[in-house]
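File shown: model.txt. Contents: compact mmCIF, C-alpha atoms.
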```txt
# COMPACT_ATOMS: atom_id res chain seq x y z
CA MET T 1 96.45 116.81 131.49
CA PRO T 2 96.05 114.31 128.60
CA ASP T 3 96.09 110.59 129.32
CA PRO T 4 99.65 109.34 128.59
CA THR T 5 98.41 105.78 128.05
CA PRO T 6 97.96 105.14 124.34
CA PRO T 7 94.62 103.64 123.36
CA ARG T 8 94.50 99.89 122.82
CA VAL T 9 94.20 99.22 119.09
CA ILE T 10 92.81 95.99 117.64
CA LEU T 11 92.88 95.04 113.99
CA ALA T 12 89.73 93.01 113.30
CA SER T 13 91.26 90.98 110.50
CA THR T 14 93.24 87.81 109.94
CA SER T 15 94.78 89.18 106.72
CA PRO T 16 98.58 89.08 106.82
CA TYR T 17 98.59 91.92 104.25
CA ARG T 18 96.58 94.22 106.52
CA ARG T 19 98.73 93.28 109.50
CA GLU T 20 101.91 94.19 107.61
CA LEU T 21 100.41 97.46 106.40
CA LEU T 22 99.18 98.58 109.82
CA ALA T 23 102.58 97.78 111.33
CA ARG T 24 104.07 100.49 109.08
CA LEU T 25 102.39 103.17 111.19
CA GLY T 26 104.37 102.24 114.31
CA VAL T 27 101.27 101.88 116.49
CA ALA T 28 101.09 98.91 118.84
CA PHE T 29 98.11 96.73 117.98
CA GLU T 30 96.62 93.31 118.47
CA VAL T 31 94.99 91.12 115.86
CA LEU T 32 91.68 89.34 116.44
CA ALA T 33 89.54 87.37 114.02
CA PRO T 34 86.15 89.07 113.57
CA GLU T 35 84.31 85.85 112.63
CA VAL T 36 81.78 87.60 110.41
CA GLU T 37 79.68 85.99 107.68
CA GLU T 38 80.85 87.58 104.41
CA SER T 39 78.24 86.39 101.91
CA PRO T 40 76.95 89.06 99.54
CA ARG T 41 73.38 90.27 99.79
CA PRO T 42 71.05 90.28 96.78
CA GLN T 43 71.49 93.36 94.56
CA GLU T 44 74.24 94.70 96.86
CA LEU T 45 76.75 96.93 95.10
CA PRO T 46 80.42 96.02 95.60
CA VAL T 47 81.17 99.34 97.35
CA ASP T 48 78.23 98.81 99.74
CA ARG T 49 79.31 95.25 100.50
CA ALA T 50 82.85 96.40 101.32
CA LEU T 51 81.62 99.07 103.75
CA ARG T 52 79.02 96.80 105.36
CA LEU T 53 81.62 94.10 106.00
CA ALA T 54 84.26 96.54 107.31
CA VAL T 55 81.74 97.89 109.84
CA ALA T 56 80.49 94.39 110.74
CA LYS T 57 84.05 93.17 111.40
CA ALA T 58 84.84 96.16 113.60
CA GLN T 59 81.53 95.78 115.48
CA ALA T 60 82.05 92.06 116.09
CA VAL T 61 85.37 92.69 117.83
CA ALA T 62 84.30 95.96 119.51
CA GLN T 63 81.43 94.15 121.23
CA ARG T 64 83.98 91.89 122.92
CA HIS T 65 86.44 94.75 123.63
CA PRO T 66 84.40 97.94 124.14
CA SER T 67 87.29 100.00 125.56
CA ALA T 68 89.54 99.44 122.52
CA LEU T 69 89.84 101.17 119.17
CA VAL T 70 88.87 98.52 116.65
CA LEU T 71 89.77 98.75 112.99
CA GLY T 72 87.79 96.64 110.52
CA SER T 73 88.46 96.50 106.81
CA ASP T 74 87.20 94.70 103.73
CA GLN T 75 87.91 94.83 100.03
CA VAL T 76 85.54 93.97 97.21
CA ALA T 77 86.76 93.97 93.62
CA ALA T 78 84.58 94.10 90.54
CA ALA T 79 85.05 94.13 86.79
CA GLY T 80 81.84 95.57 85.41
CA SER T 81 79.05 93.74 87.21
CA GLU T 82 81.20 90.70 88.06
CA VAL T 83 82.54 90.52 91.61
CA LEU T 84 86.09 89.17 91.80
CA ASP T 85 86.39 87.17 95.00
CA LYS T 86 89.59 85.53 96.20
CA PRO T 87 90.20 82.74 93.67
CA GLY T 88 91.37 80.12 96.16
CA ASP T 89 93.31 78.05 93.61
CA ALA T 90 95.39 78.29 90.43
CA ASP T 91 92.59 77.45 87.99
CA ARG T 92 90.31 80.19 89.30
CA ALA T 93 93.18 82.70 89.51
CA CYS T 94 93.99 82.02 85.84
CA ALA T 95 90.33 82.35 84.89
CA GLN T 96 90.00 85.70 86.71
CA LEU T 97 93.12 87.08 85.07
CA ALA T 98 91.97 85.89 81.63
CA THR T 99 88.73 87.83 82.20
CA LEU T 100 90.71 90.89 83.28
CA SER T 101 93.05 90.82 80.28
CA GLY T 102 92.82 94.20 78.54
CA ALA T 103 90.10 95.29 80.96
CA ARG T 104 89.78 97.34 84.11
CA ALA T 105 88.61 96.50 87.60
CA ARG T 106 87.63 98.60 90.58
CA PHE T 107 88.79 97.67 94.06
CA HIS T 108 86.67 99.10 96.88
CA THR T 109 88.64 99.02 100.14
CA ALA T 110 86.53 100.02 103.13
CA CYS T 111 87.56 100.75 106.71
CA ALA T 112 85.71 101.33 109.95
CA LEU T 113 87.29 102.54 113.19
CA LEU T 114 85.07 102.09 116.24
CA GLY T 115 85.91 103.00 119.80
CA PRO T 116 84.77 104.23 123.19
CA GLY T 117 82.91 107.50 123.49
CA GLY T 118 81.04 106.97 120.25
CA ILE T 119 84.04 106.91 117.92
CA ARG T 120 82.75 105.73 114.54
CA LEU T 121 84.79 106.66 111.50
CA THR T 122 84.32 105.07 108.09
CA HIS T 123 85.94 105.39 104.69
CA VAL T 124 85.92 103.74 101.27
CA ASP T 125 88.83 104.05 98.85
CA THR T 126 88.17 103.06 95.23
CA THR T 127 91.17 102.14 93.12
CA THR T 128 90.86 101.50 89.38
CA VAL T 129 93.29 98.99 87.90
CA HIS T 130 93.88 98.75 84.15
CA PHE T 131 95.25 95.38 83.04
CA ARG T 132 97.35 95.03 79.92
CA THR T 133 96.43 92.37 77.38
CA LEU T 134 97.68 89.09 78.86
CA ARG T 135 98.64 85.95 76.99
CA ALA T 136 97.63 82.59 78.51
CA GLU T 137 101.24 81.58 79.11
CA GLU T 138 101.95 84.87 80.90
CA ILE T 139 98.98 84.30 83.18
CA GLU T 140 100.03 80.73 83.96
CA ARG T 141 103.65 81.76 84.58
CA TYR T 142 102.51 84.58 86.86
CA VAL T 143 100.08 82.44 88.88
CA THR T 144 102.73 79.73 89.33
CA GLN T 145 105.24 82.25 90.67
CA ASP T 146 103.11 84.54 92.82
CA ARG T 147 100.38 82.11 93.96
CA PRO T 148 97.78 84.91 94.44
CA PHE T 149 95.03 82.60 95.66
CA ASP T 150 94.05 84.76 98.66
CA CYS T 151 93.86 88.04 96.74
CA ALA T 152 90.78 89.54 95.13
CA GLY T 153 91.29 89.65 91.39
CA GLY T 154 93.93 86.94 91.51
CA PHE T 155 97.04 89.14 91.60
CA LYS T 156 99.38 90.83 94.09
CA VAL T 157 100.22 94.41 93.11
CA GLU T 158 102.90 94.52 95.83
CA ALA T 159 104.70 91.59 94.21
CA LEU T 160 105.06 90.30 90.63
CA GLY T 161 101.42 91.15 89.85
CA VAL T 162 102.41 94.73 89.10
CA ALA T 163 103.85 93.43 85.80
CA LEU T 164 100.31 92.56 84.66
CA LEU T 165 99.15 96.16 84.74
CA GLU T 166 99.04 99.16 82.43
CA SER T 167 98.12 101.65 85.15
CA VAL T 168 96.57 102.18 88.56
CA GLU T 169 94.37 105.13 89.52
CA SER T 170 94.34 105.64 93.27
CA GLU T 171 94.43 108.27 95.97
CA ASP T 172 96.25 105.87 98.32
CA PRO T 173 98.67 103.26 96.97
CA THR T 174 98.26 101.05 100.04
CA ALA T 175 94.51 100.66 99.54
CA LEU T 176 94.93 98.17 96.72
CA VAL T 177 97.03 95.95 98.99
CA GLY T 178 94.20 95.97 101.54
CA LEU T 179 94.35 98.93 103.93
CA PRO T 180 94.33 102.65 102.96
CA LEU T 181 97.00 103.86 105.35
CA ILE T 182 96.58 107.56 104.59
CA TRP T 183 93.02 107.41 105.95
CA VAL T 184 93.89 104.95 108.73
CA ALA T 185 96.67 107.22 110.01
CA GLN T 186 94.30 110.20 110.02
CA ALA T 187 91.55 108.23 111.78
CA LEU T 188 93.91 106.88 114.45
CA ARG T 189 95.22 110.41 115.13
CA GLN T 190 91.65 111.67 115.42
CA ALA T 191 90.95 108.87 117.92
CA GLY T 192 93.94 109.79 120.11
CA CYS T 193 96.83 107.69 118.80
CA ALA T 194 100.26 109.21 118.26
CA VAL T 195 100.87 108.60 114.56
CA PRO T 196 103.61 110.80 113.02
```
Encoded form (structure tokens):
Amino acid sequence: MPDPTPPRVILASTSPYRRELLARLGVAFEVLAPEVEESPRPQELPVDRALRLAVAKAQAVAQRHPSALVLGSDQVAAAGSEVLDKPGDADRACAQLATLSGARARFHTACALLGPGGIRLTHVDTTTVHFRTLRAEEIERYVTQDRPFDCAGGFKVEALGVALLESVESEDPTALVGLPLIWVAQALRQAGCAVP
């Protein structure tokens, strides 16, 4: 007879965006800060950095809670060879968006689900975002309204930032916000959670 107790799920992230996304799946979960050093390594590709950090975040929390299913995630954005970190303030957000005007960026969103019995599932979703040509006053107006200081690339696609774009190429529309829910739902089901 299967165990009727659902597995304990922990989101190893302090991101309010990831918390809101995971809540959509209707699975009870806790949130714990992974406290992982996120500095890039020399010559590390953005996709590799995203996966390394997603796994490191999940491992950091799983070590403290070995009987839980722990979901770690990280997103690294890049335009060509330039990594687009969270801007932190209006000036840097404007500068990032000026660089992205008329260009494209790739957002690598990685996930790792670790759990008891050797559960180790990983995934990377890559979304390509094409920005329209942006005038300086449009950028300033956008940054003032949306305040995207904690978002890689300096925009929020789930808010007014969508108006900055020409198109988005993605297999999972939630990945760009910070958590690819199609994969997460599949991984949680595989690990024993009841996800519709």
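We find atom CA of T:Leu179 and atom CA of T:Ala194 to be spaced 18.6 Å apart.
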**Asked** Do you know which residues are at most 9 Å from stretch 130-135 of chain T counting all atoms listed in the file, after dropping those on the same chain fewer than 6 positions away, and could you put them as number ranges by chain?
**Response** T: 97-98, 100-106, 163-169
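For the choices T:Gly72, T:Gly80, T:Gly153, T:Pro116, the atom-to-atom distance to T:Arg18 is smallest for T:Gly72 when using only C-alpha atoms.
Considering only C-alpha atoms, the residue among T:Val177, T:Cys111, T:Ala23, T:Leu32 positioned nearest to T:Leu71 is T:Cys111.
Residues within 9 Å of T:Ser73, counting all atoms listed in the file and excluding same-chain residues fewer than 5 positions away, are T:Leu11, T:Ala12, T:Ser13, T:Arg18, T:Ala50, T:Leu51, T:Leu53, T:Ala54, T:Val55, T:Lys57, T:Ala58, T:Thr109, T:Ala110, T:Cys111, T:Ala112, T:Leu113, T:Gly178, T:Leu179.
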Write the residues of the preceding selection, restricted to C-alpha atoms, as a compact mmCIF listing (two decimals), in the frame of the given file.
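Resulting contents of again_7.txt:
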```txt
# COMPACT_ATOMS: atom_id res chain seq x y z
CA LEU T 11 92.88 95.04 113.99
CA ALA T 12 89.73 93.01 113.30
CA SER T 13 91.26 90.98 110.50
CA ARG T 18 96.58 94.22 106.52
CA ALA T 50 82.85 96.40 101.32
CA LEU T 51 81.62 99.07 103.75
CA LEU T 53 81.62 94.10 106.00
CA ALA T 54 84.26 96.54 107.31
CA VAL T 55 81.74 97.89 109.84
CA LYS T 57 84.05 93.17 111.40
CA ALA T 58 84.84 96.16 113.60
CA THR T 109 88.64 99.02 100.14
CA ALA T 110 86.53 100.02 103.13
CA CYS T 111 87.56 100.75 106.71
CA ALA T 112 85.71 101.33 109.95
CA LEU T 113 87.29 102.54 113.19
CA GLY T 178 94.20 95.97 101.54
CA LEU T 179 94.35 98.93 103.93
```
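Residue nearest T:Arg8, chosen from T:Ser170, T:Arg92, T:Ala191, T:Phe155 and counting only C-alpha atoms: T:Ala191.
Taking all atoms listed in the file into account, T:Glu35 lies nearest to T:Ala56 out of the set T:Ala56, T:Ile139, T:Val47, T:Val70.
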**Prompt:** How far is it from atom CA of T:Ala62 to atom CA of T:Ala152, in Å with one decimal?
**Reply:** 26.0 Å
Can you tell me, as JSON, the centre and edge lengths (Å, one decimal) of the axis-aligned box enclosing all of stretch 67-79 of chain T's listed atoms after padding each side by 3 Å?
```
{"center_x": 87.2, "center_y": 97.6, "center_z": 106.2, "size_x": 11.3, "size_y": 13.2, "size_z": 44.8}
```
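Between atom CA of T:Ala93 and atom CA of T:Val76 there is a distance of 15.6 Å.
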**Item:** Spatial neighbours of T:Thr174, max dist 12 Å, only C-alpha atoms, sep filter under 3 positions, as a list in words
**Value:** Tyr17, Arg18, Glu20, Leu21, Leu22, Arg24, Phe107, Thr109, Asp125, Thr126, Thr127, Lys156, Val157, Glu158, Val168, Glu169, Ser170, Glu171, Val177, Gly178, Leu179, Pro180, Leu181, Ile182, Trp183, Val184 and Ala185 of chain T
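Closest to T:Asp48 among T:Val124, T:Pro6, T:Asp85, T:Ala33 is T:Val124, based on all atoms listed in the file.
Using only C-alpha atoms for every distance, the candidate list T:Gly154, T:Gly115, T:Pro66, T:Gly192 yields T:Gly154 as the residue closest to T:Ala95.
The environment of T:Glu82 within 10 Å, counting only C-alpha atoms and disregarding residues fewer than 5 places along the same chain, consists of Pro46, Ala77, Thr99 and Ala105 of chain T.
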So that I have them on file, write out the residues from the current selection with C-alpha atoms, as a PDB file, in the frame of the given file.
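Result file follows (part-v4.pdb):
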```pdb
ATOM      1  CA  PRO T  46      80.420  96.020  95.600  1.00  0.00           C
ATOM      2  CA  ALA T  77      86.760  93.970  93.620  1.00  0.00           C
ATOM      3  CA  THR T  99      88.730  87.830  82.200  1.00  0.00           C
ATOM      4  CA  ALA T 105      88.610  96.500  87.600  1.00  0.00           C
TER       5      ALA T 105
END
```
Reconstruct N, CA and C atoms of stretch 27-53 of chain T from the incomplete input and present them as an mmCIF file, in the frame of the given file.
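Written output follows (part-v6.cif):
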```cif
data_model
loop_
_atom_site.group_PDB
_atom_site.id
_atom_site.type_symbol
_atom_site.label_atom_id
_atom_site.label_comp_id
_atom_site.auth_asym_id
_atom_site.auth_seq_id
_atom_site.Cartn_x
_atom_site.Cartn_y
_atom_site.Cartn_z
ATOM 1 N N VAL T 27 102.216 101.914 115.376
ATOM 2 C CA VAL T 27 101.270 101.880 116.490
ATOM 3 C C VAL T 27 101.162 100.443 116.981
ATOM 4 N N ALA T 28 101.258 100.252 118.290
ATOM 5 C CA ALA T 28 101.090 98.910 118.840
ATOM 6 C C ALA T 28 99.645 98.466 118.640
ATOM 7 N N PHE T 29 99.466 97.230 118.183
ATOM 8 C CA PHE T 29 98.110 96.730 117.980
ATOM 9 C C PHE T 29 98.077 95.224 118.151
ATOM 10 N N GLU T 30 96.875 94.742 118.399
ATOM 11 C CA GLU T 30 96.620 93.310 118.470
ATOM 12 C C GLU T 30 95.800 92.916 117.247
ATOM 13 N N VAL T 31 95.774 91.631 116.975
ATOM 14 C CA VAL T 31 94.990 91.120 115.860
ATOM 15 C C VAL T 31 93.990 90.105 116.391
ATOM 16 N N LEU T 32 92.729 90.293 116.062
ATOM 17 C CA LEU T 32 91.680 89.340 116.440
ATOM 18 C C LEU T 32 90.811 89.028 115.234
ATOM 19 N N ALA T 33 90.421 87.778 115.106
ATOM 20 C CA ALA T 33 89.540 87.370 114.020
ATOM 21 C C ALA T 33 88.126 87.876 114.293
ATOM 22 N N PRO T 34 87.504 88.552 113.330
ATOM 23 C CA PRO T 34 86.150 89.070 113.570
ATOM 24 C C PRO T 34 85.053 88.017 113.476
ATOM 25 N N GLU T 35 85.294 86.932 112.763
ATOM 26 C CA GLU T 35 84.310 85.850 112.630
ATOM 27 C C GLU T 35 82.956 86.388 112.164
ATOM 28 N N VAL T 36 82.975 87.000 110.991
ATOM 29 C CA VAL T 36 81.780 87.600 110.410
ATOM 30 C C VAL T 36 81.434 86.859 109.118
ATOM 31 N N GLU T 37 80.158 86.595 108.919
ATOM 32 C CA GLU T 37 79.680 85.990 107.680
ATOM 33 C C GLU T 37 79.839 87.014 106.555
ATOM 34 N N GLU T 38 80.514 86.620 105.464
ATOM 35 C CA GLU T 38 80.850 87.580 104.410
ATOM 36 C C GLU T 38 80.073 87.386 103.114
ATOM 37 N N SER T 39 79.012 86.620 103.136
ATOM 38 C CA SER T 39 78.240 86.390 101.910
ATOM 39 C C SER T 39 77.629 87.696 101.413
ATOM 40 N N PRO T 40 77.587 87.851 100.089
ATOM 41 C CA PRO T 40 76.950 89.060 99.540
ATOM 42 C C PRO T 40 75.443 89.009 99.727
ATOM 43 N N ARG T 41 74.841 90.171 99.728
ATOM 44 C CA ARG T 41 73.380 90.270 99.790
ATOM 45 C C ARG T 41 72.842 90.495 98.380
ATOM 46 N N PRO T 42 71.615 90.087 98.123
ATOM 47 C CA PRO T 42 71.050 90.280 96.780
ATOM 48 C C PRO T 42 71.066 91.759 96.382
ATOM 49 N N GLN T 43 71.471 92.016 95.151
ATOM 50 C CA GLN T 43 71.490 93.360 94.560
ATOM 51 C C GLN T 43 72.453 94.331 95.269
ATOM 52 N N GLU T 44 73.319 93.827 96.129
ATOM 53 C CA GLU T 44 74.240 94.700 96.860
ATOM 54 C C GLU T 44 75.390 95.133 95.955
ATOM 55 N N LEU T 45 75.635 96.418 95.887
ATOM 56 C CA LEU T 45 76.750 96.930 95.100
ATOM 57 C C LEU T 45 78.066 96.575 95.779
ATOM 58 N N PRO T 46 79.133 96.367 95.004
ATOM 59 C CA PRO T 46 80.420 96.020 95.600
ATOM 60 C C PRO T 46 80.899 97.032 96.653
ATOM 61 N N VAL T 47 80.735 98.325 96.390
ATOM 62 C CA VAL T 47 81.170 99.340 97.350
ATOM 63 C C VAL T 47 80.375 99.241 98.648
ATOM 64 N N ASP T 48 79.069 98.945 98.544
ATOM 65 C CA ASP T 48 78.230 98.810 99.740
ATOM 66 C C ASP T 48 78.597 97.557 100.535
ATOM 67 N N ARG T 49 78.898 96.486 99.830
ATOM 68 C CA ARG T 49 79.310 95.250 100.500
ATOM 69 C C ARG T 49 80.613 95.465 101.271
ATOM 70 N N ALA T 50 81.572 96.151 100.652
ATOM 71 C CA ALA T 50 82.850 96.400 101.320
ATOM 72 C C ALA T 50 82.644 97.192 102.610
ATOM 73 N N LEU T 51 81.844 98.252 102.556
ATOM 74 C CA LEU T 51 81.620 99.070 103.750
ATOM 75 C C LEU T 51 80.833 98.305 104.806
ATOM 76 N N ARG T 52 79.804 97.579 104.385
ATOM 77 C CA ARG T 52 79.020 96.800 105.360
ATOM 78 C C ARG T 52 79.904 95.807 106.100
ATOM 79 N N LEU T 53 80.769 95.112 105.362
ATOM 80 C CA LEU T 53 81.620 94.100 106.000
ATOM 81 C C LEU T 53 82.702 94.727 106.876
#
```
